[in-house]
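Colleague: File model-v2.txt below, compact mmCIF, C-alpha atoms:
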# COMPACT_ATOMS: atom_id res chain seq x y z
CA MET A 1 -1.45 4.84 5.13
CA PRO A 2 -3.40 3.41 2.17
CA VAL A 3 -2.82 -0.11 0.98
CA THR A 4 -3.31 -0.97 -2.67
CA THR A 5 -3.04 -4.11 -4.75
CA ILE A 6 -0.42 -4.14 -7.47
CA GLY A 7 -0.18 -7.35 -9.46
CA ASP A 8 -0.82 -10.11 -6.97
CA ARG A 9 0.05 -8.41 -3.71
CA GLU A 10 -0.82 -5.63 -1.35
CA VAL A 11 1.63 -2.77 -0.82
CA HIS A 12 1.65 0.37 1.29
CA VAL A 13 1.46 3.59 -0.70
CA ASP A 14 1.10 7.33 -0.06
CA ALA A 15 -1.97 9.32 -1.09
CA GLU A 16 -0.74 9.52 -4.70
CA GLY A 17 0.24 5.86 -5.01
CA PHE A 18 4.02 5.95 -4.49
CA LEU A 19 5.28 3.01 -2.40
CA THR A 20 6.20 3.92 1.15
CA VAL A 21 7.92 0.76 2.42
CA TYR A 22 11.33 0.20 0.81
CA GLU A 23 11.35 -3.52 1.60
CA GLU A 24 8.01 -4.26 -0.04
CA TRP A 25 9.56 -3.77 -3.48
CA ASP A 26 11.15 -6.43 -5.63
CA GLU A 27 11.79 -6.81 -9.34
CA ASP A 28 8.50 -8.58 -10.02
CA LEU A 29 6.67 -5.70 -8.40
CA ALA A 30 8.67 -3.23 -10.52
CA ARG A 31 7.36 -4.94 -13.66
CA ALA A 32 3.81 -4.64 -12.35
CA LEU A 33 4.31 -0.97 -11.37
CA ALA A 34 5.79 -0.19 -14.78
CA ALA A 35 2.87 -1.91 -16.49
CA GLN A 36 0.47 0.32 -14.52
CA ILE A 37 1.98 3.37 -16.20
CA GLY A 38 2.41 1.79 -19.61
CA ILE A 39 6.13 1.05 -19.53
CA ASP A 40 7.79 -2.21 -20.63
CA LEU A 41 11.04 -2.57 -18.76
CA THR A 42 14.20 -3.01 -20.83
CA ASP A 43 17.80 -3.40 -19.64
CA ASP A 44 18.21 0.39 -19.77
CA HIS A 45 15.18 0.88 -17.52
CA TRP A 46 16.65 -1.63 -15.08
CA ARG A 47 19.97 0.24 -14.99
CA ALA A 48 18.13 3.38 -13.92
CA ILE A 49 15.91 1.56 -11.42
CA ARG A 50 18.82 -0.26 -9.78
CA TYR A 51 20.73 3.01 -9.46
CA LEU A 52 17.71 4.69 -7.82
CA ARG A 53 17.28 1.80 -5.35
CA GLU A 54 20.96 1.81 -4.44
CA ASP A 55 21.26 5.57 -4.12
CA TYR A 56 18.13 5.75 -1.96
CA ARG A 57 19.47 3.01 0.31
CA GLU A 58 22.68 4.97 0.80
CA ARG A 59 21.25 8.48 1.16
CA GLY A 60 17.65 8.03 2.18
CA GLN A 61 16.58 10.36 -0.64
CA THR A 62 15.26 9.68 -4.13
CA PRO A 63 17.78 11.04 -6.67
CA THR A 64 16.63 13.68 -9.16
CA PRO A 65 17.18 13.09 -12.91
CA ARG A 66 20.31 15.23 -12.68
CA ARG A 67 21.75 12.97 -10.00
CA VAL A 68 20.73 9.86 -11.92
CA GLN A 69 22.65 11.24 -14.90
CA ALA A 70 25.77 11.90 -12.84
CA GLY A 71 25.60 8.66 -10.88
CA SER A 72 24.48 6.10 -13.45
CA GLY A 73 25.62 7.67 -16.70
CA ILE A 74 22.07 7.58 -18.13
CA SER A 75 21.71 11.01 -19.74
CA ILE A 76 18.74 13.26 -19.09
CA LYS A 77 17.80 12.86 -22.74
CA GLU A 78 17.76 9.07 -22.41
CA GLN A 79 15.72 9.30 -19.21
CA PHE A 80 13.04 11.25 -21.08
CA VAL A 81 12.95 8.45 -23.69
CA LEU A 82 12.80 5.64 -21.13
CA PHE A 83 10.28 7.31 -18.82
CA PRO A 84 8.43 9.75 -21.09
CA LYS A 85 7.45 13.26 -19.99
CA LYS A 86 8.02 12.88 -16.26
CA PRO A 87 11.18 10.83 -15.80
CA GLY A 88 11.88 11.91 -12.22
CA LYS A 89 8.53 10.80 -10.88
CA LYS A 90 8.09 7.77 -13.10
CA MET A 91 11.52 6.34 -12.25
CA ALA A 92 10.79 6.83 -8.56
CA TYR A 93 7.39 5.14 -8.91
CA VAL A 94 8.72 2.05 -10.66
CA ALA A 95 11.64 1.84 -8.22
CA GLY A 96 9.17 1.84 -5.33
CA LEU A 97 10.50 5.10 -3.86
CA PRO A 98 8.94 8.43 -2.85
CA LYS A 99 8.99 11.07 -5.59
CA PRO A 100 12.16 13.17 -5.57
CA VAL A 101 12.00 16.36 -3.49
CA GLY A 102 15.01 18.20 -4.93
CA CYS A 103 14.34 21.20 -7.21
CA VAL A 104 17.10 20.39 -9.68
CA MET B 1 -13.87 -15.54 -10.22
CA THR B 2 -13.61 -14.09 -6.78
CA ASP B 3 -16.56 -12.83 -4.85
CA THR B 4 -14.74 -9.90 -3.29
CA GLU B 5 -14.55 -6.75 -5.33
CA THR B 6 -11.08 -5.31 -5.56
CA ALA B 7 -10.68 -1.56 -5.76
CA PRO B 8 -8.66 -0.32 -8.72
CA ALA B 9 -4.97 -0.01 -7.86
CA LEU B 10 -3.92 3.39 -6.55
CA VAL B 11 -1.55 4.65 -9.23
CA PRO B 12 -0.11 8.19 -9.46
CA ASP B 13 -1.84 10.28 -12.07
CA PHE B 14 0.96 11.18 -14.43
CA ALA B 15 -1.59 12.93 -16.65
CA ASP B 16 0.06 11.73 -19.83
CA ALA B 17 -2.95 12.70 -21.86
CA GLU B 18 -2.66 16.32 -20.85
CA THR B 19 0.10 17.40 -23.20
CA ASP B 20 -1.07 20.85 -24.19
CA ARG B 21 0.45 22.86 -21.37
CA VAL B 22 3.09 25.29 -22.63
CA LEU B 23 5.28 27.57 -20.53
CA ALA B 24 7.21 30.53 -21.92
CA ILE B 25 9.83 32.20 -19.75
CA ILE B 26 11.31 35.55 -20.73
CA CYS B 27 14.79 35.91 -19.19
CA SER B 28 15.71 39.59 -19.18
CA LYS B 29 18.39 39.77 -16.49
CA GLY B 30 22.09 38.99 -16.75
CA SER B 31 23.03 38.83 -13.10
CA LEU B 32 23.78 35.47 -11.54
CA ASP B 33 20.97 35.64 -8.98
CA MET B 34 18.34 36.55 -11.57
CA ALA B 35 19.55 33.97 -14.09
CA TYR B 36 18.72 30.99 -11.91
CA PRO B 37 15.00 31.37 -11.17
CA GLY B 38 14.00 31.03 -14.83
CA LEU B 39 16.24 28.02 -15.33
CA VAL B 40 15.07 26.25 -12.19
CA LEU B 41 11.45 26.75 -13.25
CA ALA B 42 12.13 25.71 -16.86
CA ASN B 43 13.86 22.55 -15.67
CA ALA B 44 11.00 21.76 -13.30
CA ALA B 45 8.37 22.36 -15.99
CA LEU B 46 10.18 20.07 -18.44
CA GLY B 47 10.35 17.38 -15.76
CA GLU B 48 6.56 17.61 -15.49
CA GLY B 49 6.07 17.12 -19.20
CA VAL B 50 5.34 20.80 -19.93
CA GLN B 51 6.56 22.14 -23.28
CA THR B 52 8.95 24.97 -22.34
CA HIS B 53 10.36 27.93 -24.27
CA LEU B 54 12.98 30.37 -22.99
CA PHE B 55 13.35 33.78 -24.63
CA PHE B 56 16.54 35.65 -23.78
CA THR B 57 16.30 39.40 -24.05
CA PHE B 58 18.32 42.44 -22.94
CA TRP B 59 20.83 41.42 -20.26
CA GLY B 60 19.38 37.93 -20.26
CA LEU B 61 21.14 37.44 -23.59
CA ASP B 62 24.40 37.11 -21.61
CA MET B 63 23.18 33.70 -20.41
CA ILE B 64 23.43 32.28 -23.94
CA THR B 65 26.30 34.43 -25.32
CA LYS B 66 29.43 32.28 -25.52
CA ALA B 67 31.79 35.08 -24.47
CA ARG B 68 29.74 36.02 -21.41
CA MET B 69 27.80 32.99 -20.21
CA HIS B 70 30.60 31.78 -17.93
CA HIS B 71 31.04 35.15 -16.27
CA LEU B 72 27.69 36.14 -14.79
CA GLN B 73 28.10 38.00 -11.53
CA PHE B 74 26.13 38.84 -8.45
CA SER B 75 26.36 42.28 -6.92
CA PRO B 76 25.09 43.14 -3.43
CA VAL B 77 24.72 46.81 -4.46
CA GLY B 78 21.14 47.94 -4.03
CA ASN B 79 20.10 44.56 -2.66
CA THR B 80 18.87 45.32 0.85
CA ALA B 81 18.13 41.63 1.46
CA MET B 82 21.83 40.74 1.12
CA HIS B 83 23.26 38.89 4.09
CA LEU B 84 26.03 36.35 4.55
CA PRO B 85 24.94 32.73 4.22
CA GLY B 86 23.95 31.39 7.62
CA HIS B 87 23.83 34.86 9.22
CA ASP B 88 20.82 37.01 9.95
CA GLY B 89 22.47 40.42 9.85
CA HIS B 90 22.24 42.49 6.69
CA ILE B 91 25.35 43.89 5.04
CA PRO B 92 25.31 47.70 5.32
CA GLN B 93 24.54 49.14 1.90
CA ALA B 94 27.37 51.67 2.25
CA LEU B 95 29.87 48.80 2.13
CA THR B 96 28.47 47.09 -0.93
CA PRO B 97 30.20 49.20 -3.63
CA LEU B 98 33.67 48.60 -2.15
CA PRO B 99 36.23 47.05 -4.52
CA GLY B 100 36.08 43.27 -4.50
CA MET B 101 32.56 43.03 -3.06
CA THR B 102 30.97 41.83 -6.30
CA ALA B 103 33.68 39.21 -6.83
CA ALA B 104 33.32 38.00 -3.25
CA ALA B 105 29.53 37.90 -3.38
CA THR B 106 29.67 36.05 -6.71
CA ARG B 107 32.06 33.46 -5.30
CA MET B 108 29.86 32.95 -2.25
CA MET B 109 26.70 32.54 -4.29
CA LYS B 110 28.37 30.13 -6.73
CA ARG B 111 29.59 28.05 -3.81
CA SER B 112 26.14 27.89 -2.18
CA ILE B 113 24.56 26.88 -5.48
CA ALA B 114 27.22 24.23 -6.20
CA GLU B 115 26.74 22.76 -2.73
CA LEU B 116 23.13 22.04 -3.65
CA GLY B 117 24.29 20.12 -6.71
CA VAL B 118 22.84 22.77 -9.01
CA PRO B 119 24.97 23.32 -12.13
CA GLU B 120 26.47 26.55 -13.43
CA ILE B 121 24.43 28.44 -16.03
CA PRO B 122 25.89 26.91 -19.24
CA GLU B 123 25.63 23.35 -17.92
CA PHE B 124 22.13 24.04 -16.62
CA LEU B 125 21.09 25.14 -20.11
CA ASP B 126 22.64 21.91 -21.51
CA GLN B 127 20.37 19.99 -19.18
CA ILE B 128 17.31 22.05 -20.15
CA VAL B 129 17.94 21.46 -23.85
CA ALA B 130 18.51 17.74 -23.21
CA ALA B 131 15.13 17.68 -21.48
CA GLY B 132 13.50 19.16 -24.58
CA GLY B 133 13.55 22.89 -23.74
CA HIS B 134 13.66 25.47 -26.55
CA LEU B 135 16.05 28.45 -26.46
CA TRP B 136 15.34 31.64 -28.42
CA ALA B 137 17.34 34.86 -28.63
CA CYS B 138 15.81 38.33 -28.93
CA ARG B 139 16.42 40.06 -32.28
CA MET B 140 16.56 43.61 -30.90
CA SER B 141 18.97 42.64 -28.10
CA ALA B 142 21.24 40.77 -30.51
CA ASP B 143 21.27 43.80 -32.86
CA MET B 144 21.98 46.22 -30.00
CA ASN B 145 25.02 44.14 -29.02
CA GLY B 146 26.14 43.39 -32.58
CA LEU B 147 25.70 39.65 -32.00
CA THR B 148 24.89 36.99 -34.57
CA GLN B 149 23.93 33.35 -34.15
CA ALA B 150 27.66 32.46 -34.24
CA ASP B 151 28.15 34.34 -30.95
CA LEU B 152 25.47 32.30 -29.20
CA ARG B 153 25.24 28.74 -27.88
CA GLU B 154 24.79 26.30 -30.77
CA ASP B 155 21.51 25.04 -29.34
CA VAL B 156 19.82 28.45 -29.54
CA GLU B 157 17.23 27.69 -32.19
CA ASP B 158 17.03 31.15 -33.71
CA ILE B 159 17.24 34.89 -33.17
CA ILE B 160 13.63 36.01 -33.40
CA SER B 161 11.59 39.18 -33.08
CA ALA B 162 9.28 39.83 -30.17
CA SER B 163 6.28 39.26 -32.43
CA ASP B 164 7.65 35.90 -33.58
CA PHE B 165 8.04 34.89 -29.95
CA ILE B 166 4.48 35.93 -29.12
CA ASP B 167 3.34 33.99 -32.16
CA LYS B 168 5.29 30.85 -31.22
CA THR B 169 3.96 30.85 -27.69
CA ALA B 170 0.27 31.29 -28.46
CA GLY B 171 -1.76 29.98 -25.53
CA ALA B 172 1.32 29.53 -23.32
CA GLN B 173 1.60 30.51 -19.70
CA LEU B 174 4.10 33.33 -19.53
CA LEU B 175 6.71 34.37 -17.00
CA PHE B 176 8.81 37.53 -17.21
CA ILE B 177 11.96 37.42 -15.13
Please render this file's structure as structure tokens.
Modeller:
Amino acid sequence: MPVTTIGDREVHVDAEGFLTVYEEWDEDLARALAAQIGIDLTDDHWRAIRYLREDYRERGQTPTPRRVQAGSGISIKEQFVLFPKKPGKKMAYVAGLPKPVGCV
Amino acid sequence: MTDTETAPALVPDFADAETDRVLAIICSKGSLDMAYPGLVLANAALGEGVQTHLFFTFWGLDMITKARMHHLQFSPVGNTAMHLPGHDGHIPQALTPLPGMTAAATRMMKRSIAELGVPEIPEFLDQIVAAGGHLWACRMSADMNGLTQADLREDVEDIISASDFIDKTAGAQLLFI
């Protein structure tokens, strides 16, 4: 499993760069991850990220944008504004989770 | 200054620069089972940052017609792959036209789809539009059915001719379903 340096620390990632160890993530790391993909985190970003973290902890699966909409109240439209073009993958990346596997 | 060279961080390639990919999906079927594939693909494409257009033609127009979009059905008639969920055995074709079979098959399929958390057709199209998808209706199909824009979902951008659609989707990857 590759190890890469994000900000000031080393983290385990998969071949694409998504974090693979849930516990290695914290909010400082999220800021560094977001910066890597050109996103400045606002309160709305944090709402999405916290929902993803929580839902993954409960279900062991990264929620799709549709589930994020239903569970956190952040609409799909808003998700596309917060995490442009590829909200599903970008939210997962910043939240330190694997990319979502669901089709819808 | 450190004397060890650090490799650049491994970051997923979200390919933000590559924004020119366009996908056009022609939805020509009005049965429940043939309505979903185009919508699933459209939704996936939008989630990958691909500009996506859906063109509804012939029976596919039912998916965006207010009076019909909630009533798409699935019939096992002529579908030799039809089997009950979780069972291997096929349903004999001779039984498929019996009264009530279409209603039962439709119920079953809707249940299986709902269990996966996948929305019904109208709600799925809401999601696609929210994600930036474009909906277009076919002029000839609308004329054949005596439909105007008022009969269609409000978010259908226009009723356009086949040539307009071809024009709008210049350079797009195209799927006919």
Colleague: Taking 2 positions as the minimum chain separation for residues in the same chain, which residues sit within 12 Å of segment 66-72 of chain A when counting all atoms listed in the file? Answer as number ranges by chain.
Modeller: A: 44-56, 61-64, 74-80, 87-88, 91-92, 100, 102-104; B: 43-44, 47, 116-119, 123-124, 126-128, 130-131
Colleague: Go ahead and save the residues from that selection, with C-alpha atoms, as a PDB file, in the frame of the given file.
Modeller:
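The resulting file, selection_18.pdb, is shown below:
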ATOM      1  CA  ASP A  44      18.210   0.390 -19.770  1.00  0.00           C
ATOM      2  CA  HIS A  45      15.180   0.880 -17.520  1.00  0.00           C
ATOM      3  CA  TRP A  46      16.650  -1.630 -15.080  1.00  0.00           C
ATOM      4  CA  ARG A  47      19.970   0.240 -14.990  1.00  0.00           C
ATOM      5  CA  ALA A  48      18.130   3.380 -13.920  1.00  0.00           C
ATOM      6  CA  ILE A  49      15.910   1.560 -11.420  1.00  0.00           C
ATOM      7  CA  ARG A  50      18.820  -0.260  -9.780  1.00  0.00           C
ATOM      8  CA  TYR A  51      20.730   3.010  -9.460  1.00  0.00           C
ATOM      9  CA  LEU A  52      17.710   4.690  -7.820  1.00  0.00           C
ATOM     10  CA  ARG A  53      17.280   1.800  -5.350  1.00  0.00           C
ATOM     11  CA  GLU A  54      20.960   1.810  -4.440  1.00  0.00           C
ATOM     12  CA  ASP A  55      21.260   5.570  -4.120  1.00  0.00           C
ATOM     13  CA  TYR A  56      18.130   5.750  -1.960  1.00  0.00           C
ATOM     14  CA  GLN A  61      16.580  10.360  -0.640  1.00  0.00           C
ATOM     15  CA  THR A  62      15.260   9.680  -4.130  1.00  0.00           C
ATOM     16  CA  PRO A  63      17.780  11.040  -6.670  1.00  0.00           C
ATOM     17  CA  THR A  64      16.630  13.680  -9.160  1.00  0.00           C
ATOM     18  CA  ILE A  74      22.070   7.580 -18.130  1.00  0.00           C
ATOM     19  CA  SER A  75      21.710  11.010 -19.740  1.00  0.00           C
ATOM     20  CA  ILE A  76      18.740  13.260 -19.090  1.00  0.00           C
ATOM     21  CA  LYS A  77      17.800  12.860 -22.740  1.00  0.00           C
ATOM     22  CA  GLU A  78      17.760   9.070 -22.410  1.00  0.00           C
ATOM     23  CA  GLN A  79      15.720   9.300 -19.210  1.00  0.00           C
ATOM     24  CA  PHE A  80      13.040  11.250 -21.080  1.00  0.00           C
ATOM     25  CA  PRO A  87      11.180  10.830 -15.800  1.00  0.00           C
ATOM     26  CA  GLY A  88      11.880  11.910 -12.220  1.00  0.00           C
ATOM     27  CA  MET A  91      11.520   6.340 -12.250  1.00  0.00           C
ATOM     28  CA  ALA A  92      10.790   6.830  -8.560  1.00  0.00           C
ATOM     29  CA  PRO A 100      12.160  13.170  -5.570  1.00  0.00           C
ATOM     30  CA  GLY A 102      15.010  18.200  -4.930  1.00  0.00           C
ATOM     31  CA  CYS A 103      14.340  21.200  -7.210  1.00  0.00           C
ATOM     32  CA  VAL A 104      17.100  20.390  -9.680  1.00  0.00           C
TER      33      VAL A 104
ATOM     34  CA  ASN B  43      13.860  22.550 -15.670  1.00  0.00           C
ATOM     35  CA  ALA B  44      11.000  21.760 -13.300  1.00  0.00           C
ATOM     36  CA  GLY B  47      10.350  17.380 -15.760  1.00  0.00           C
ATOM     37  CA  LEU B 116      23.130  22.040  -3.650  1.00  0.00           C
ATOM     38  CA  GLY B 117      24.290  20.120  -6.710  1.00  0.00           C
ATOM     39  CA  VAL B 118      22.840  22.770  -9.010  1.00  0.00           C
ATOM     40  CA  PRO B 119      24.970  23.320 -12.130  1.00  0.00           C
ATOM     41  CA  GLU B 123      25.630  23.350 -17.920  1.00  0.00           C
ATOM     42  CA  PHE B 124      22.130  24.040 -16.620  1.00  0.00           C
ATOM     43  CA  ASP B 126      22.640  21.910 -21.510  1.00  0.00           C
ATOM     44  CA  GLN B 127      20.370  19.990 -19.180  1.00  0.00           C
ATOM     45  CA  ILE B 128      17.310  22.050 -20.150  1.00  0.00           C
ATOM     46  CA  ALA B 130      18.510  17.740 -23.210  1.00  0.00           C
ATOM     47  CA  ALA B 131      15.130  17.680 -21.480  1.00  0.00           C
TER      48      ALA B 131
END
Colleague: May I have the residues of chain B within 12 Å of chain A, counting all atoms listed in the file, written as a PyMOL selection string?
Modeller: chain B and resi 5-19+21+36-37+39-51+113-114+116-120+123-124+126-133
Colleague: Please list as a list in words every residue within 9 Å of Gly60 of chain B, counting only C-alpha atoms and excluding residues in the same chain fewer than 4 positions away.
Modeller: Ile26, Cys27, Ser28, Lys29, Gly30, Ser31, Met34, Ala35, Phe55, Phe56 and Ile64 of chain B
Colleague: Can you work out the spacing between atom CA of Asp151 of chain B and atom CA of Lys110 of chain B in Å, to one decimal?
Modeller: 24.6 Å
Colleague: Could you check how far atom CA of Ile91 of chain B sits from atom CA of Phe58 of chain B, in Å to one decimal?
Modeller: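 Separating atom CA of Ile91 of chain B from atom CA of Phe58 of chain B is a distance of 28.9 Å.
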Colleague: So the first atom is atom CA of Gly171 of chain B and the second is atom CA of Gly38 of chain A; what is the distance between them in Å, to one decimal place?
Modeller: 29.1 Å
Colleague: For a quick check of understanding, using all atoms listed in the file, which of A:Val94, A:Val11, A:Val101, A:Val21 has the smallest distance to Arg57 of chain A?
Modeller: A:Val21
Colleague: Need to verify the contact set: Ile159 of chain B, 7 Å, all atoms listed in the file, exclusion of same-chain residues closer than 2 positions in sequence. Can you return it as an mmCIF file with C-alpha atoms, in the coordinates of the input?
Modeller:
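The file below, around_34.cif, is the result:
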data_model
loop_
_atom_site.group_PDB
_atom_site.id
_atom_site.type_symbol
_atom_site.label_atom_id
_atom_site.label_comp_id
_atom_site.auth_asym_id
_atom_site.auth_seq_id
_atom_site.Cartn_x
_atom_site.Cartn_y
_atom_site.Cartn_z
ATOM 1 C CA TRP B 136 15.340 31.640 -28.420
ATOM 2 C CA ALA B 137 17.340 34.860 -28.630
ATOM 3 C CA CYS B 138 15.810 38.330 -28.930
ATOM 4 C CA ARG B 139 16.420 40.060 -32.280
ATOM 5 C CA GLN B 149 23.930 33.350 -34.150
#
Colleague: From the set B:Gly89, B:Leu147, B:Pro76, B:Thr65, which residue has the shortest atom-to-atom contact distance to Ala104 of chain B, counting only C-alpha atoms?
Modeller: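 Ranked by minimum distance to Ala104 of chain B, first place goes to B:Pro76.
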Colleague: Considering all atoms listed in the file, can you say which of B:His90, B:Pro99, B:Leu135, B:Asn79 comes closest to Leu152 of chain B?
Modeller: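 Of B:His90, B:Pro99, B:Leu135, B:Asn79, the one nearest Leu152 of chain B, counting all atoms listed in the file, is B:Leu135.
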Colleague: Let me know the centre plus edge lengths, in Å and rounded to one decimal, of a box with edges along x, y and z that contains all listed atoms of segment 118-132 of chain B and is padded by 8 Å on every side, as JSON.
Modeller:
{"center_x": 20.0, "center_y": 23.1, "center_z": -16.8, "size_x": 29.0, "size_y": 26.8, "size_z": 31.6}
Colleague: Which residues are near segment 39-42 of chain A? Cut-off 9 Å, only C-alpha atoms, ignore same chain within fewer than 6 positions. Put them as a VMD selection string.
Modeller: chain A and resid 30 to 31 33 82 to 83
Colleague: Taking all atoms listed in the file into account, name the residue in B:Met144, B:Ile25, B:Ile177, B:Leu72 that is nearest to Met109 of chain B.
Modeller: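 Checking each candidate against Met109 of chain B, we get B:Leu72 as the closest.
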Colleague: If I put a ball of radius 6 Å at (28.9, 28.2, -29.6) in the file's coordinates, which residues poke into it when counting only C-alpha atoms, written as number ranges by chain?
Modeller: B: 66, 152-154
Colleague: Could the residues in this selection be written to a file with C-alpha atoms, as a CSV table (one decimal), in the coordinates of the input?
Modeller:
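Saved as out-v5.csv:
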chain,number,residue,atom,x,y,z
B,66,LYS,CA,29.4,32.3,-25.5
B,152,LEU,CA,25.5,32.3,-29.2
B,153,ARG,CA,25.2,28.7,-27.9
B,154,GLU,CA,24.8,26.3,-30.8
Colleague: With N, CA and C atoms as the target, complete segment 53-71 of chain B and hand it back as a tab-separated table (two decimals), in the frame of the given file.
Modeller:
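The resulting file, out_20.tsv, is reproduced below:
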chain	number	residue	atom	x	y	z
B	53	HIS	N	9.57	27.04	-23.42
B	53	HIS	CA	10.36	27.93	-24.27
B	53	HIS	C	11.01	29.00	-23.41
B	54	LEU	N	12.29	29.29	-23.69
B	54	LEU	CA	12.98	30.37	-22.99
B	54	LEU	C	13.36	31.43	-24.02
B	55	PHE	N	13.04	32.67	-23.72
B	55	PHE	CA	13.35	33.78	-24.63
B	55	PHE	C	14.31	34.71	-23.90
B	56	PHE	N	15.51	34.87	-24.46
B	56	PHE	CA	16.54	35.65	-23.78
B	56	PHE	C	16.59	37.04	-24.39
B	57	THR	N	16.37	38.04	-23.56
B	57	THR	CA	16.30	39.40	-24.05
B	57	THR	C	17.10	40.33	-23.15
B	58	PHE	N	17.49	41.49	-23.69
B	58	PHE	CA	18.32	42.44	-22.94
B	58	PHE	C	19.47	41.73	-22.22
B	59	TRP	N	19.65	41.98	-20.94
B	59	TRP	CA	20.83	41.42	-20.26
B	59	TRP	C	20.75	39.91	-20.17
B	60	GLY	N	19.56	39.38	-20.29
B	60	GLY	CA	19.38	37.93	-20.26
B	60	GLY	C	20.12	37.23	-21.39
B	61	LEU	N	20.40	37.98	-22.45
B	61	LEU	CA	21.14	37.44	-23.59
B	61	LEU	C	22.53	36.95	-23.16
B	62	ASP	N	23.08	37.55	-22.11
B	62	ASP	CA	24.40	37.11	-21.61
B	62	ASP	C	24.40	35.62	-21.25
B	63	MET	N	23.25	35.10	-20.83
B	63	MET	CA	23.18	33.70	-20.41
B	63	MET	C	23.45	32.73	-21.54
B	64	ILE	N	23.23	33.18	-22.79
B	64	ILE	CA	23.43	32.28	-23.94
B	64	ILE	C	24.52	32.79	-24.89
B	65	THR	N	25.21	33.89	-24.49
B	65	THR	CA	26.30	34.43	-25.32
B	65	THR	C	27.60	33.76	-24.90
B	66	LYS	N	28.25	33.09	-25.85
B	66	LYS	CA	29.43	32.28	-25.52
B	66	LYS	C	30.46	33.06	-24.71
B	67	ALA	N	30.73	34.32	-25.11
B	67	ALA	CA	31.79	35.08	-24.47
B	67	ALA	C	31.42	35.51	-23.04
B	68	ARG	N	30.15	35.47	-22.70
B	68	ARG	CA	29.74	36.02	-21.41
B	68	ARG	C	29.10	35.00	-20.47
B	69	MET	N	28.64	33.89	-21.01
B	69	MET	CA	27.80	32.99	-20.21
B	69	MET	C	28.53	32.37	-19.02
B	70	HIS	N	29.86	32.35	-19.06
B	70	HIS	CA	30.60	31.78	-17.93
B	70	HIS	C	30.93	32.84	-16.88
B	71	HIS	N	30.57	34.08	-17.15
B	71	HIS	CA	31.04	35.15	-16.27
B	71	HIS	C	29.93	35.97	-15.64
